[in-house]
>>> print(open('coords-v2.cif').read())   # mmCIF, C-alpha atoms
data_query
#
loop_
_atom_site.group_PDB
_atom_site.id
_atom_site.type_symbol
_atom_site.label_atom_id
_atom_site.label_comp_id
_atom_site.auth_asym_id
_atom_site.auth_seq_id
_atom_site.Cartn_x
_atom_site.Cartn_y
_atom_site.Cartn_z
ATOM 1 C CA MET A 144 -59.040 -19.407 7.169
ATOM 2 C CA THR A 145 -58.083 -21.881 9.889
ATOM 3 C CA ARG A 146 -55.882 -20.607 12.704
ATOM 4 C CA VAL A 147 -53.348 -23.235 13.742
ATOM 5 C CA ALA A 148 -50.438 -23.572 16.120
ATOM 6 C CA ALA A 149 -47.426 -25.699 15.239
ATOM 7 C CA ILE A 150 -44.603 -26.606 17.603
ATOM 8 C CA ASP A 151 -41.421 -28.311 16.459
ATOM 9 C CA CYS A 152 -39.260 -29.602 19.297
ATOM 10 C CA GLY A 153 -35.894 -30.844 18.127
ATOM 11 C CA THR A 154 -32.547 -31.658 19.680
ATOM 12 C CA ASN A 155 -31.268 -28.086 19.861
ATOM 13 C CA SER A 156 -34.290 -25.779 19.619
ATOM 14 C CA ILE A 157 -38.016 -25.515 20.130
ATOM 15 C CA ARG A 158 -40.052 -23.416 17.707
ATOM 16 C CA LEU A 159 -43.586 -22.073 17.520
ATOM 17 C CA LEU A 160 -45.640 -20.959 14.533
ATOM 18 C CA VAL A 161 -49.144 -19.575 14.901
ATOM 19 C CA ALA A 162 -50.599 -18.914 11.465
ATOM 20 C CA ASP A 163 -53.796 -18.569 9.480
ATOM 21 C CA VAL A 164 -54.037 -21.202 6.757
ATOM 22 C CA ALA A 165 -56.117 -20.408 3.682
ATOM 23 C CA SER A 166 -58.002 -23.038 1.685
ATOM 24 C CA ASP A 167 -55.241 -22.994 -0.952
ATOM 25 C CA GLY A 168 -52.601 -23.817 1.670
ATOM 26 C CA THR A 169 -51.183 -20.304 1.964
ATOM 27 C CA LEU A 170 -49.778 -19.549 5.412
ATOM 28 C CA THR A 171 -50.049 -16.108 6.985
ATOM 29 C CA ASP A 172 -47.760 -15.915 10.008
ATOM 30 C CA LEU A 173 -49.001 -14.349 13.221
ATOM 31 C CA VAL A 174 -46.117 -15.468 15.436
ATOM 32 C CA ARG A 175 -42.935 -17.342 14.560
ATOM 33 C CA ARG A 176 -40.498 -17.984 17.409
ATOM 34 C CA MET A 177 -37.389 -20.021 18.094
ATOM 35 C CA GLU A 178 -35.626 -20.653 21.385
ATOM 36 C CA VAL A 179 -32.570 -22.824 21.970
ATOM 37 C CA VAL A 180 -33.373 -25.212 24.833
ATOM 38 C CA ARG A 181 -30.916 -28.022 23.954
ATOM 39 C CA LEU A 182 -33.388 -30.764 24.911
ATOM 40 C CA GLY A 183 -31.051 -33.352 23.412
ATOM 41 C CA ALA A 184 -27.956 -32.397 25.397
ATOM 42 C CA GLY A 185 -26.181 -35.642 26.286
ATOM 43 C CA VAL A 186 -28.806 -37.974 24.784
ATOM 44 C CA ASP A 187 -26.294 -39.465 22.350
ATOM 45 C CA ARG A 188 -24.108 -40.448 25.329
ATOM 46 C CA THR A 189 -26.642 -41.327 28.052
ATOM 47 C CA GLY A 190 -29.735 -42.387 26.110
ATOM 48 C CA GLU A 191 -31.902 -40.169 28.326
ATOM 49 C CA LEU A 192 -33.216 -36.616 28.425
ATOM 50 C CA ASP A 193 -31.339 -34.589 31.017
ATOM 51 C CA PRO A 194 -33.677 -33.388 33.841
ATOM 52 C CA VAL A 195 -32.454 -29.798 33.567
ATOM 53 C CA ALA A 196 -32.917 -29.746 29.789
ATOM 54 C CA LEU A 197 -36.326 -31.351 30.176
ATOM 55 C CA ALA A 198 -37.442 -28.727 32.701
ATOM 56 C CA ARG A 199 -36.121 -25.938 30.486
ATOM 57 C CA THR A 200 -38.064 -27.260 27.489
ATOM 58 C CA LEU A 201 -41.312 -27.716 29.411
ATOM 59 C CA GLU A 202 -41.041 -24.176 30.757
ATOM 60 C CA MET A 203 -40.788 -22.844 27.211
ATOM 61 C CA THR A 204 -43.762 -25.014 26.250
ATOM 62 C CA ARG A 205 -45.771 -23.202 28.954
ATOM 63 C CA ASP A 206 -44.728 -19.906 27.425
ATOM 64 C CA TYR A 207 -45.845 -21.115 24.001
ATOM 65 C CA ALA A 208 -49.160 -22.375 25.419
ATOM 66 C CA ALA A 209 -49.941 -18.875 26.687
ATOM 67 C CA THR A 210 -49.269 -17.397 23.238
ATOM 68 C CA ILE A 211 -51.424 -20.036 21.543
ATOM 69 C CA ALA A 212 -54.316 -19.311 23.916
ATOM 70 C CA GLU A 213 -53.960 -15.554 23.491
ATOM 71 C CA LEU A 214 -54.108 -15.817 19.694
ATOM 72 C CA GLY A 215 -57.011 -18.273 19.725
ATOM 73 C CA ALA A 216 -55.607 -21.088 17.592
ATOM 74 C CA GLU A 217 -58.320 -23.569 16.666
ATOM 75 C CA ARG A 218 -55.975 -26.509 16.206
ATOM 76 C CA ALA A 219 -52.512 -27.342 17.488
ATOM 77 C CA ARG A 220 -49.912 -29.977 16.679
ATOM 78 C CA PHE A 221 -46.765 -30.626 18.712
ATOM 79 C CA VAL A 222 -44.061 -32.671 16.991
ATOM 80 C CA ALA A 223 -40.927 -33.943 18.728
ATOM 81 C CA THR A 224 -38.069 -35.352 16.696
ATOM 82 C CA SER A 225 -34.596 -36.854 17.048
ATOM 83 C CA ALA A 226 -33.681 -36.328 20.717
ATOM 84 C CA THR A 227 -37.072 -37.481 21.987
ATOM 85 C CA ARG A 228 -37.076 -40.481 19.641
ATOM 86 C CA ASP A 229 -33.762 -41.641 21.077
ATOM 87 C CA ALA A 230 -34.511 -41.097 24.789
ATOM 88 C CA ARG A 231 -35.562 -43.926 27.104
ATOM 89 C CA ASN A 232 -37.407 -41.480 29.386
ATOM 90 C CA ARG A 233 -39.332 -39.731 26.604
ATOM 91 C CA GLN A 234 -42.669 -40.594 28.228
ATOM 92 C CA GLU A 235 -41.906 -38.086 30.991
ATOM 93 C CA PHE A 236 -41.580 -35.398 28.341
ATOM 94 C CA VAL A 237 -44.709 -36.533 26.473
ATOM 95 C CA ASP A 238 -46.755 -36.482 29.697
ATOM 96 C CA GLY A 239 -45.493 -33.012 30.583
ATOM 97 C CA VAL A 240 -46.351 -31.540 27.184
ATOM 98 C CA ARG A 241 -49.826 -33.113 27.225
ATOM 99 C CA GLU A 242 -50.541 -31.604 30.639
ATOM 100 C CA ILE A 243 -49.415 -28.138 29.555
ATOM 101 C CA LEU A 244 -50.930 -27.937 26.066
ATOM 102 C CA GLY A 245 -53.889 -30.268 26.259
ATOM 103 C CA VAL A 246 -52.824 -31.983 23.021
ATOM 104 C CA GLU A 247 -51.038 -35.274 22.499
ATOM 105 C CA PRO A 248 -47.425 -34.600 21.474
ATOM 106 C CA GLU A 249 -46.225 -36.784 18.634
ATOM 107 C CA VAL A 250 -42.776 -38.339 18.699
ATOM 108 C CA VAL A 251 -42.469 -38.810 14.954
ATOM 109 C CA ALA A 252 -40.275 -41.235 13.087
ATOM 110 C CA GLY A 253 -37.613 -39.983 10.715
ATOM 111 C CA ALA A 254 -39.820 -40.690 7.679
ATOM 112 C CA GLU A 255 -42.614 -38.456 8.977
ATOM 113 C CA GLU A 256 -40.101 -35.772 9.934
ATOM 114 C CA ALA A 257 -38.755 -35.849 6.388
ATOM 115 C CA ARG A 258 -42.259 -35.696 4.877
ATOM 116 C CA LEU A 259 -43.207 -32.660 6.967
ATOM 117 C CA SER A 260 -39.941 -30.894 6.122
ATOM 118 C CA PHE A 261 -40.484 -31.501 2.417
ATOM 119 C CA ALA A 262 -44.077 -30.242 2.578
ATOM 120 C CA GLY A 263 -43.055 -27.077 4.378
ATOM 121 C CA ALA A 264 -40.127 -26.285 2.104
ATOM 122 C CA THR A 265 -41.839 -26.952 -1.200
ATOM 123 C CA SER A 266 -45.017 -25.057 -0.252
ATOM 124 C CA VAL A 267 -43.264 -21.774 -1.104
ATOM 125 C CA ILE A 268 -40.837 -22.758 -3.889
ATOM 126 C CA ASP A 269 -41.795 -20.761 -6.968
ATOM 127 C CA GLY A 270 -41.964 -21.949 -10.545
ATOM 128 C CA GLY A 271 -38.491 -20.633 -11.306
ATOM 129 C CA HIS A 272 -36.919 -23.747 -9.772
ATOM 130 C CA GLU A 273 -37.052 -26.980 -11.755
ATOM 131 C CA ALA A 274 -38.089 -30.196 -9.978
ATOM 132 C CA PRO A 275 -37.294 -32.713 -8.625
ATOM 133 C CA TYR A 276 -35.974 -31.216 -5.412
ATOM 134 C CA VAL A 277 -33.605 -32.707 -2.891
ATOM 135 C CA VAL A 278 -34.630 -31.128 0.412
ATOM 136 C CA VAL A 279 -32.224 -31.366 3.362
ATOM 137 C CA ASP A 280 -33.371 -30.518 6.893
ATOM 138 C CA LEU A 281 -30.222 -30.372 9.028
ATOM 139 C CA GLY A 282 -31.164 -30.541 12.692
ATOM 140 C CA GLY A 283 -29.481 -31.069 16.021
ATOM 141 C CA GLY A 284 -29.734 -34.835 16.234
ATOM 142 C CA SER A 285 -30.600 -35.927 12.709
ATOM 143 C CA THR A 286 -30.552 -34.809 9.096
ATOM 144 C CA GLU A 287 -33.448 -35.610 6.785
ATOM 145 C CA LEU A 288 -32.922 -35.951 3.024
ATOM 146 C CA VAL A 289 -35.959 -36.084 0.752
ATOM 147 C CA LEU A 290 -36.293 -36.303 -3.024
ATOM 148 C CA GLY A 291 -39.550 -35.378 -4.689
ATOM 149 C CA THR A 292 -41.603 -33.023 -6.799
ATOM 150 C CA GLU A 293 -45.058 -32.429 -5.346
ATOM 151 C CA VAL A 294 -44.733 -35.270 -2.856
ATOM 152 C CA PRO A 295 -41.688 -37.198 -1.581
ATOM 153 C CA ALA A 296 -40.457 -39.984 -3.837
ATOM 154 C CA GLY A 297 -37.770 -41.113 -1.400
ATOM 155 C CA GLY A 298 -36.419 -40.060 1.948
ATOM 156 C CA PHE A 299 -34.016 -40.991 4.710
ATOM 157 C CA SER A 300 -33.170 -39.738 8.195
ATOM 158 C CA MET A 301 -29.471 -39.819 9.090
ATOM 159 C CA ASP A 302 -28.411 -39.863 12.743
ATOM 160 C CA VAL A 303 -26.030 -36.959 12.245
ATOM 161 C CA GLY A 304 -26.752 -33.387 13.291
ATOM 162 C CA CYS A 305 -25.052 -30.334 14.745
ATOM 163 C CA VAL A 306 -25.525 -31.302 18.412
ATOM 164 C CA ARG A 307 -24.833 -35.012 17.971
ATOM 165 C CA MET A 308 -21.637 -34.342 16.004
ATOM 166 C CA THR A 309 -20.464 -31.703 18.482
ATOM 167 C CA GLU A 310 -20.841 -34.117 21.391
ATOM 168 C CA ARG A 311 -19.236 -36.965 19.484
ATOM 169 C CA PRO A 312 -16.017 -35.986 17.668
ATOM 170 C CA LEU A 313 -15.898 -32.165 17.414
ATOM 171 C CA VAL A 314 -15.166 -31.295 21.024
ATOM 172 C CA SER A 315 -12.598 -28.536 20.423
ATOM 173 C CA ALA A 316 -13.212 -25.010 19.137
ATOM 174 C CA PRO A 317 -11.880 -24.958 16.525
ATOM 175 C CA PRO A 318 -11.710 -28.738 16.133
ATOM 176 C CA THR A 319 -8.429 -30.528 15.513
ATOM 177 C CA ALA A 320 -7.594 -32.080 12.168
ATOM 178 C CA ALA A 321 -8.131 -35.549 13.653
ATOM 179 C CA GLN A 322 -11.568 -34.577 14.983
ATOM 180 C CA VAL A 323 -12.577 -33.150 11.614
ATOM 181 C CA ALA A 324 -11.397 -36.288 9.822
ATOM 182 C CA ALA A 325 -13.383 -38.511 12.198
ATOM 183 C CA ALA A 326 -16.507 -36.371 11.806
ATOM 184 C CA ARG A 327 -16.262 -36.372 8.022
ATOM 185 C CA ALA A 328 -15.903 -40.155 8.036
ATOM 186 C CA ASP A 329 -19.071 -40.476 10.154
ATOM 187 C CA VAL A 330 -21.084 -38.197 7.858
ATOM 188 C CA ARG A 331 -19.817 -39.883 4.708
ATOM 189 C CA ALA A 332 -20.755 -43.305 6.092
ATOM 190 C CA ALA A 333 -24.254 -42.009 6.876
ATOM 191 C CA LEU A 334 -24.568 -40.581 3.349
ATOM 192 C CA ASP A 335 -23.530 -43.947 1.904
ATOM 193 C CA VAL A 336 -26.528 -45.518 3.654
ATOM 194 C CA ALA A 337 -28.852 -42.630 2.740
ATOM 195 C CA GLU A 338 -28.055 -43.092 -0.954
ATOM 196 C CA GLY A 339 -29.768 -46.464 -0.817
ATOM 197 C CA HIS A 340 -33.009 -44.542 -0.249
ATOM 198 C CA VAL A 341 -32.537 -41.136 -1.916
ATOM 199 C CA ASP A 342 -31.218 -40.538 -5.447
ATOM 200 C CA LEU A 343 -29.041 -37.501 -4.754
ATOM 201 C CA GLY A 344 -27.943 -37.246 -8.380
ATOM 202 C CA ALA A 345 -31.530 -36.450 -9.420
ATOM 203 C CA ALA A 346 -31.396 -33.072 -7.674
ATOM 204 C CA ARG A 347 -32.292 -30.025 -9.715
ATOM 205 C CA PRO A 348 -32.231 -27.530 -6.912
ATOM 206 C CA LEU A 349 -30.679 -28.651 -3.639
ATOM 207 C CA VAL A 350 -32.761 -27.002 -0.921
ATOM 208 C CA GLY A 351 -31.341 -26.547 2.581
ATOM 209 C CA LEU A 352 -33.433 -25.908 5.690
ATOM 210 C CA ALA A 353 -33.069 -25.185 9.400
ATOM 211 C CA GLY A 354 -30.738 -23.185 11.615
ATOM 212 C CA THR A 355 -27.376 -24.526 10.505
ATOM 213 C CA VAL A 356 -28.148 -23.914 6.836
ATOM 214 C CA THR A 357 -29.639 -20.454 7.396
ATOM 215 C CA THR A 358 -26.628 -19.486 9.551
ATOM 216 C CA VAL A 359 -24.170 -20.680 6.894
ATOM 217 C CA THR A 360 -26.172 -18.684 4.358
ATOM 218 C CA ALA A 361 -26.025 -15.572 6.532
ATOM 219 C CA HIS A 362 -22.245 -15.989 6.719
ATOM 220 C CA ALA A 363 -21.938 -16.502 2.968
ATOM 221 C CA LEU A 364 -23.996 -13.332 2.409
ATOM 222 C CA ARG A 365 -21.823 -11.485 4.956
ATOM 223 C CA LEU A 366 -24.907 -10.180 6.740
ATOM 224 C CA PRO A 367 -24.245 -7.809 9.656
ATOM 225 C CA ALA A 368 -27.282 -9.226 11.494
ATOM 226 C CA TYR A 369 -29.706 -12.093 10.980
ATOM 227 C CA ASP A 370 -32.146 -11.114 8.227
ATOM 228 C CA ARG A 371 -34.827 -13.705 7.521
ATOM 229 C CA ASP A 372 -36.002 -11.957 4.352
ATOM 230 C CA ALA A 373 -32.482 -11.871 2.877
ATOM 231 C CA ILE A 374 -31.826 -15.518 3.773
ATOM 232 C CA ASN A 375 -35.136 -16.992 2.626
ATOM 233 C CA GLY A 376 -34.908 -17.952 -1.027
ATOM 234 C CA ALA A 377 -31.212 -17.085 -1.289
ATOM 235 C CA VAL A 378 -29.549 -18.863 -4.200
ATOM 236 C CA LEU A 379 -25.796 -19.157 -3.636
ATOM 237 C CA PRO A 380 -23.075 -20.677 -5.823
ATOM 238 C CA THR A 381 -22.072 -24.092 -4.542
ATOM 239 C CA ASP A 382 -18.444 -23.095 -4.047
ATOM 240 C CA VAL A 383 -19.510 -20.073 -1.976
ATOM 241 C CA VAL A 384 -21.575 -22.323 0.309
ATOM 242 C CA LEU A 385 -18.683 -24.747 0.756
ATOM 243 C CA ALA A 386 -16.264 -21.892 1.504
ATOM 244 C CA ALA A 387 -18.622 -20.463 4.137
ATOM 245 C CA CYS A 388 -18.858 -23.896 5.778
ATOM 246 C CA GLU A 389 -15.084 -24.271 5.919
ATOM 247 C CA ASP A 390 -14.716 -20.780 7.346
ATOM 248 C CA LEU A 391 -17.142 -21.450 10.206
ATOM 249 C CA LEU A 392 -15.579 -24.848 10.891
ATOM 250 C CA ALA A 393 -12.114 -23.336 11.319
ATOM 251 C CA MET A 394 -13.209 -20.275 13.271
ATOM 252 C CA PRO A 395 -12.364 -19.966 17.006
ATOM 253 C CA ARG A 396 -15.350 -19.822 19.326
ATOM 254 C CA ASP A 397 -14.970 -16.143 20.230
ATOM 255 C CA GLU A 398 -14.964 -15.160 16.568
ATOM 256 C CA ARG A 399 -18.141 -17.168 15.925
ATOM 257 C CA ALA A 400 -19.808 -15.548 18.929
ATOM 258 C CA ALA A 401 -18.941 -12.077 17.617
ATOM 259 C CA LEU A 402 -20.738 -12.594 14.301
ATOM 260 C CA GLY A 403 -23.779 -10.328 14.246
ATOM 261 C CA PHE A 404 -26.096 -12.957 12.728
ATOM 262 C CA MET A 405 -25.070 -15.771 15.105
ATOM 263 C CA HIS A 406 -27.728 -16.896 17.592
ATOM 264 C CA PRO A 407 -26.041 -17.457 20.987
ATOM 265 C CA GLY A 408 -27.450 -20.979 21.113
ATOM 266 C CA ARG A 409 -25.710 -21.905 17.868
ATOM 267 C CA VAL A 410 -22.193 -20.740 18.724
ATOM 268 C CA ASP A 411 -21.106 -24.104 20.135
ATOM 269 C CA VAL A 412 -22.718 -26.296 17.462
ATOM 270 C CA ILE A 413 -22.351 -24.362 14.200
ATOM 271 C CA ALA A 414 -18.940 -25.859 13.363
ATOM 272 C CA ALA A 415 -20.370 -29.371 13.409
ATOM 273 C CA GLY A 416 -23.436 -28.243 11.494
ATOM 274 C CA ALA A 417 -21.275 -26.551 8.862
ATOM 275 C CA LEU A 418 -19.229 -29.730 8.461
ATOM 276 C CA VAL A 419 -22.360 -31.831 7.946
ATOM 277 C CA TRP A 420 -23.778 -29.363 5.431
ATOM 278 C CA SER A 421 -20.498 -29.205 3.500
ATOM 279 C CA GLU A 422 -20.435 -32.997 3.194
ATOM 280 C CA VAL A 423 -24.049 -33.125 1.993
ATOM 281 C CA VAL A 424 -23.517 -30.360 -0.573
ATOM 282 C CA ALA A 425 -20.293 -31.939 -1.834
ATOM 283 C CA ARG A 426 -21.914 -35.379 -2.154
ATOM 284 C CA VAL A 427 -24.913 -34.042 -4.080
ATOM 285 C CA ALA A 428 -22.610 -32.029 -6.373
ATOM 286 C CA GLN A 429 -20.532 -35.164 -7.001
ATOM 287 C CA ARG A 430 -23.566 -37.289 -7.871
ATOM 288 C CA VAL A 431 -25.014 -34.621 -10.177
ATOM 289 C CA ALA A 432 -21.649 -34.303 -11.930
ATOM 290 C CA GLU A 433 -21.512 -38.078 -12.442
ATOM 291 C CA ARG A 434 -24.733 -37.700 -14.443
ATOM 292 C CA GLY A 435 -23.172 -35.033 -16.631
ATOM 293 C CA GLY A 436 -24.802 -32.123 -14.814
ATOM 294 C CA VAL A 437 -23.583 -29.301 -12.617
ATOM 295 C CA LEU A 438 -24.888 -28.326 -9.192
ATOM 296 C CA ALA A 439 -24.210 -24.659 -9.800
ATOM 297 C CA ASP A 440 -25.987 -23.316 -6.741
ATOM 298 C CA VAL A 441 -27.870 -24.129 -3.550
ATOM 299 C CA LEU A 442 -31.236 -22.748 -2.420
ATOM 300 C CA THR A 443 -31.905 -21.819 1.222
ATOM 301 C CA SER A 444 -35.424 -21.809 2.624
ATOM 302 C CA GLU A 445 -36.698 -20.428 5.924
ATOM 303 C CA HIS A 446 -39.785 -22.607 5.453
ATOM 304 C CA ASP A 447 -39.342 -26.086 6.841
ATOM 305 C CA ILE A 448 -40.860 -28.717 9.111
ATOM 306 C CA LEU A 449 -42.594 -26.030 11.179
ATOM 307 C CA ASP A 450 -44.579 -24.943 8.108
ATOM 308 C CA GLY A 451 -45.284 -28.590 7.298
ATOM 309 C CA ILE A 452 -46.662 -29.149 10.798
ATOM 310 C CA ALA A 453 -48.914 -26.083 10.485
ATOM 311 C CA LEU A 454 -50.231 -27.188 7.091
ATOM 312 C CA SER A 455 -50.942 -30.684 8.402
ATOM 313 C CA ALA A 456 -52.751 -29.290 11.460
ATOM 314 C CA ALA A 457 -55.064 -27.290 9.201
ATOM 315 C CA VAL A 458 -56.364 -30.344 7.360
ATOM 316 C CA ARG A 459 -56.870 -32.554 10.404
ATOM 317 C CA ALA A 460 -60.406 -33.225 11.504
#
>>> encode(input="coords-v2.cif", output="structure tokens")
Amino acid sequence: MTRVAAIDCGTNSIRLLVADVASDGTLTDLVRRMEVVRLGAGVDRTGELDPVALARTLEMTRDYAATIAELGAERARFVATSATRDARNRQEFVDGVREILGVEPEVVAGAEEARLSFAGATSVIDGGHEAPYVVVDLGGGSTELVLGTEVPAGGFSMDVGCVRMTERPLVSAPPTAAQVAAARADVRAALDVAEGHVDLGAARPLVGLAGTVTTVTAHALRLPAYDRDAINGAVLPTDVVLAACEDLLAMPRDERAALGFMHPGRVDVIAAGALVWSEVVARVAQRVAERGGVLADVLTSEHDILDGIALSAAVRA
């Protein structure tokens, strides 16, 4: 066993996994945490990390560092994604993390983010699901699409995510018809580019990851509270997923906030996330149908880039 610590710092949330990794790649969780820090608030507009958001994220990093030390992780890897990639002042964040954790934080490119997401998701997919997989990691600032079986055969990172789309067109709650139309046009244009890199029609299962997808799944399952065990591995009919997305998109803010499974940090961004996910699901279903197939259902996984980071930390010298 190798005890590792993995930190994934995205646009909306920061997450920690401390786990024991066996020689066969099996992860045994010791701690798995998620806090919404909104590091990427305003980055799409200003091009810089907001000082308040930066301070908030570094404070949570200190909290994580204490947990890592207490549990005695032998190796640690800190990965920062979309918001940090896009920020002119990212070096301030990198320096702060290095000082707190004693490890060099990595601001990874979209291709590496996609590879880690694919590795984490597919590490726990059982033999009941036919390959190849299209894995979609829908984050705050970007959405990664990856096609592959044991390893990625193609991938692309789209600059659309739940925070970025909320700050761009979807400023009302619920959004207006014009805002929804503009957002859908943006996502569809991004998918047009992504299809030059990822063959969406080759999907056997479509696998969705990250907070937007798990929240949509919780809504589709009508869960009274967030239940990771019920959500992980859930296989839902495609039309049920699309209906859940449309429901969340049209829902007033107070109704979203009252949902028992809704994390407070997702209330303001779930409509945009649901719109992005609905467009991805619909596009994959369309491409599969054009090949004479049917995308009958969608698989949700609670295992994602965080698991991929942990697995990669275990094999590093």
>>> residues_around(input="coords-v2.cif", residues="Gly168 of chain A", least_positions_apart="2", cutoff="8 Å", atoms="all atoms listed in the file", output="list in words")
Val164, Ala165, Ser166, Leu170, Ser266 and Leu454 of chain A
>>> residues_near_point(input="coords-v2.cif", point="(-22.5, -31.8, -12.6)", cutoff="12 Å", atoms="all atoms listed in the file", output="number ranges by chain")
A: 343-347, 381, 425-440
>>> residues_around(input="coords-v2.cif", residues="Gly298 of chain A", least_positions_apart="6", cutoff="7 Å", atoms="all atoms listed in the file", output="count of residues only")
7
>>> closest_residue(input="coords-v2.cif", among="A:Val277, A:Leu418, A:Glu389, A:Gln322", to="Gly297 of chain A", atoms="only C-alpha atoms")
A:Val277
>>> residues_near_point(input="coords-v2.cif", point="(-17.6, -20.3, 5.9)", cutoff="10 Å", atoms="only C-alpha atoms", output="PyMOL selection string")
chain A and resi 358-363+365+383-394+414+417-418+421
>>> resolve_selection(input="coords-v2.cif", expression="the PyMOL selection byres ((chain A and resi 378) around 10)", output="list of chain:residue names")
A:Pro348, A:Leu349, A:Val350, A:Thr360, A:Ile374, A:Asn375, A:Gly376, A:Ala377, A:Leu379, A:Pro380, A:Thr381, A:Val384, A:Ala439, A:Asp440, A:Val441, A:Leu442, A:Thr443, A:Ser444
>>> axis_aligned_box(input="coords-v2.cif", around="segment 302-307 of chain A", padding_each_side="4 Å", output="AutoDock Vina command-line options")
--center_x -26.6 --center_y -35.1 --center_z 15.3 --size_x 11.6 --size_y 17.5 --size_z 14.2
>>> resolve_selection(input="coords-v2.cif", expression="the PyMOL selection byres ((chain A and resi 201-213) around 7)", output="JSON, numbers by chain")
{"A": [148, 159, 197, 198, 199, 200, 214, 215, 216, 239, 240, 243, 244]}
>>> closest_residue(input="coords-v2.cif", among="A:Gly416, A:Pro367, A:Pro248, A:Gly339", to="Cys305 of chain A", atoms="only C-alpha atoms")
A:Gly416
>>> resolve_selection(input="coords-v2.cif", expression="the PyMOL selection byres ((chain A and resi 327) around 10)", output="short mmCIF file (atom, residue, chain, number, x, y, z; two decimals) with C-alpha atoms, in the coordinates of the input")
data_model
loop_
_atom_site.label_atom_id
_atom_site.label_comp_id
_atom_site.auth_asym_id
_atom_site.auth_seq_id
_atom_site.Cartn_x
_atom_site.Cartn_y
_atom_site.Cartn_z
CA MET A 308 -21.64 -34.34 16.00
CA PRO A 312 -16.02 -35.99 17.67
CA ALA A 321 -8.13 -35.55 13.65
CA GLN A 322 -11.57 -34.58 14.98
CA VAL A 323 -12.58 -33.15 11.61
CA ALA A 324 -11.40 -36.29 9.82
CA ALA A 325 -13.38 -38.51 12.20
CA ALA A 326 -16.51 -36.37 11.81
CA ALA A 328 -15.90 -40.16 8.04
CA ASP A 329 -19.07 -40.48 10.15
CA VAL A 330 -21.08 -38.20 7.86
CA ARG A 331 -19.82 -39.88 4.71
CA ALA A 332 -20.76 -43.30 6.09
CA ALA A 333 -24.25 -42.01 6.88
CA ALA A 415 -20.37 -29.37 13.41
CA LEU A 418 -19.23 -29.73 8.46
CA VAL A 419 -22.36 -31.83 7.95
CA SER A 421 -20.50 -29.20 3.50
CA GLU A 422 -20.43 -33.00 3.19
#
>>> residues_around(input="coords-v2.cif", residues="Glu247 of chain A", least_positions_apart="5", cutoff="8 Å", atoms="all atoms listed in the file", output="list in words")
Arg220, Phe221, Val237, Val240 and Arg241 of chain A
>>> atom_distance(input="coords-v2.cif", atom1="atom CA of Ile150 of chain A", atom2="atom CA of Gly291 of chain A")
24.5 Å
>>> atom_distance(input="coords-v2.cif", atom1="atom CA of Gly283 of chain A", atom2="atom CA of Gly153 of chain A")
6.8 Å
>>> atom_distance(input="coords-v2.cif", atom1="atom CA of Ala456 of chain A", atom2="atom CA of Arg258 of chain A")
13.9 Å
>>> residues_around(input="coords-v2.cif", residues="Ala184 of chain A", least_positions_apart="2", cutoff="10 Å", atoms="all atoms listed in the file", output="number ranges by chain")
A: 154-155, 180-182, 186-189, 191-193, 195-197, 226, 283-284, 306-307, 310
>>> closest_residue(input="coords-v2.cif", among="A:Val174, A:Ala353, A:Ala368, A:Val424", to="Asp382 of chain A", atoms="only C-alpha atoms")
A:Val424
>>> closest_residue(input="coords-v2.cif", among="A:Leu160, A:Ala219, A:Asp411, A:Phe299", to="Pro317 of chain A", atoms="all atoms listed in the file")
A:Asp411
>>> closest_residue(input="coords-v2.cif", among="A:Asp335, A:Asp397, A:Asp342, A:Glu445", to="Asp372 of chain A", atoms="all atoms listed in the file")
A:Glu445
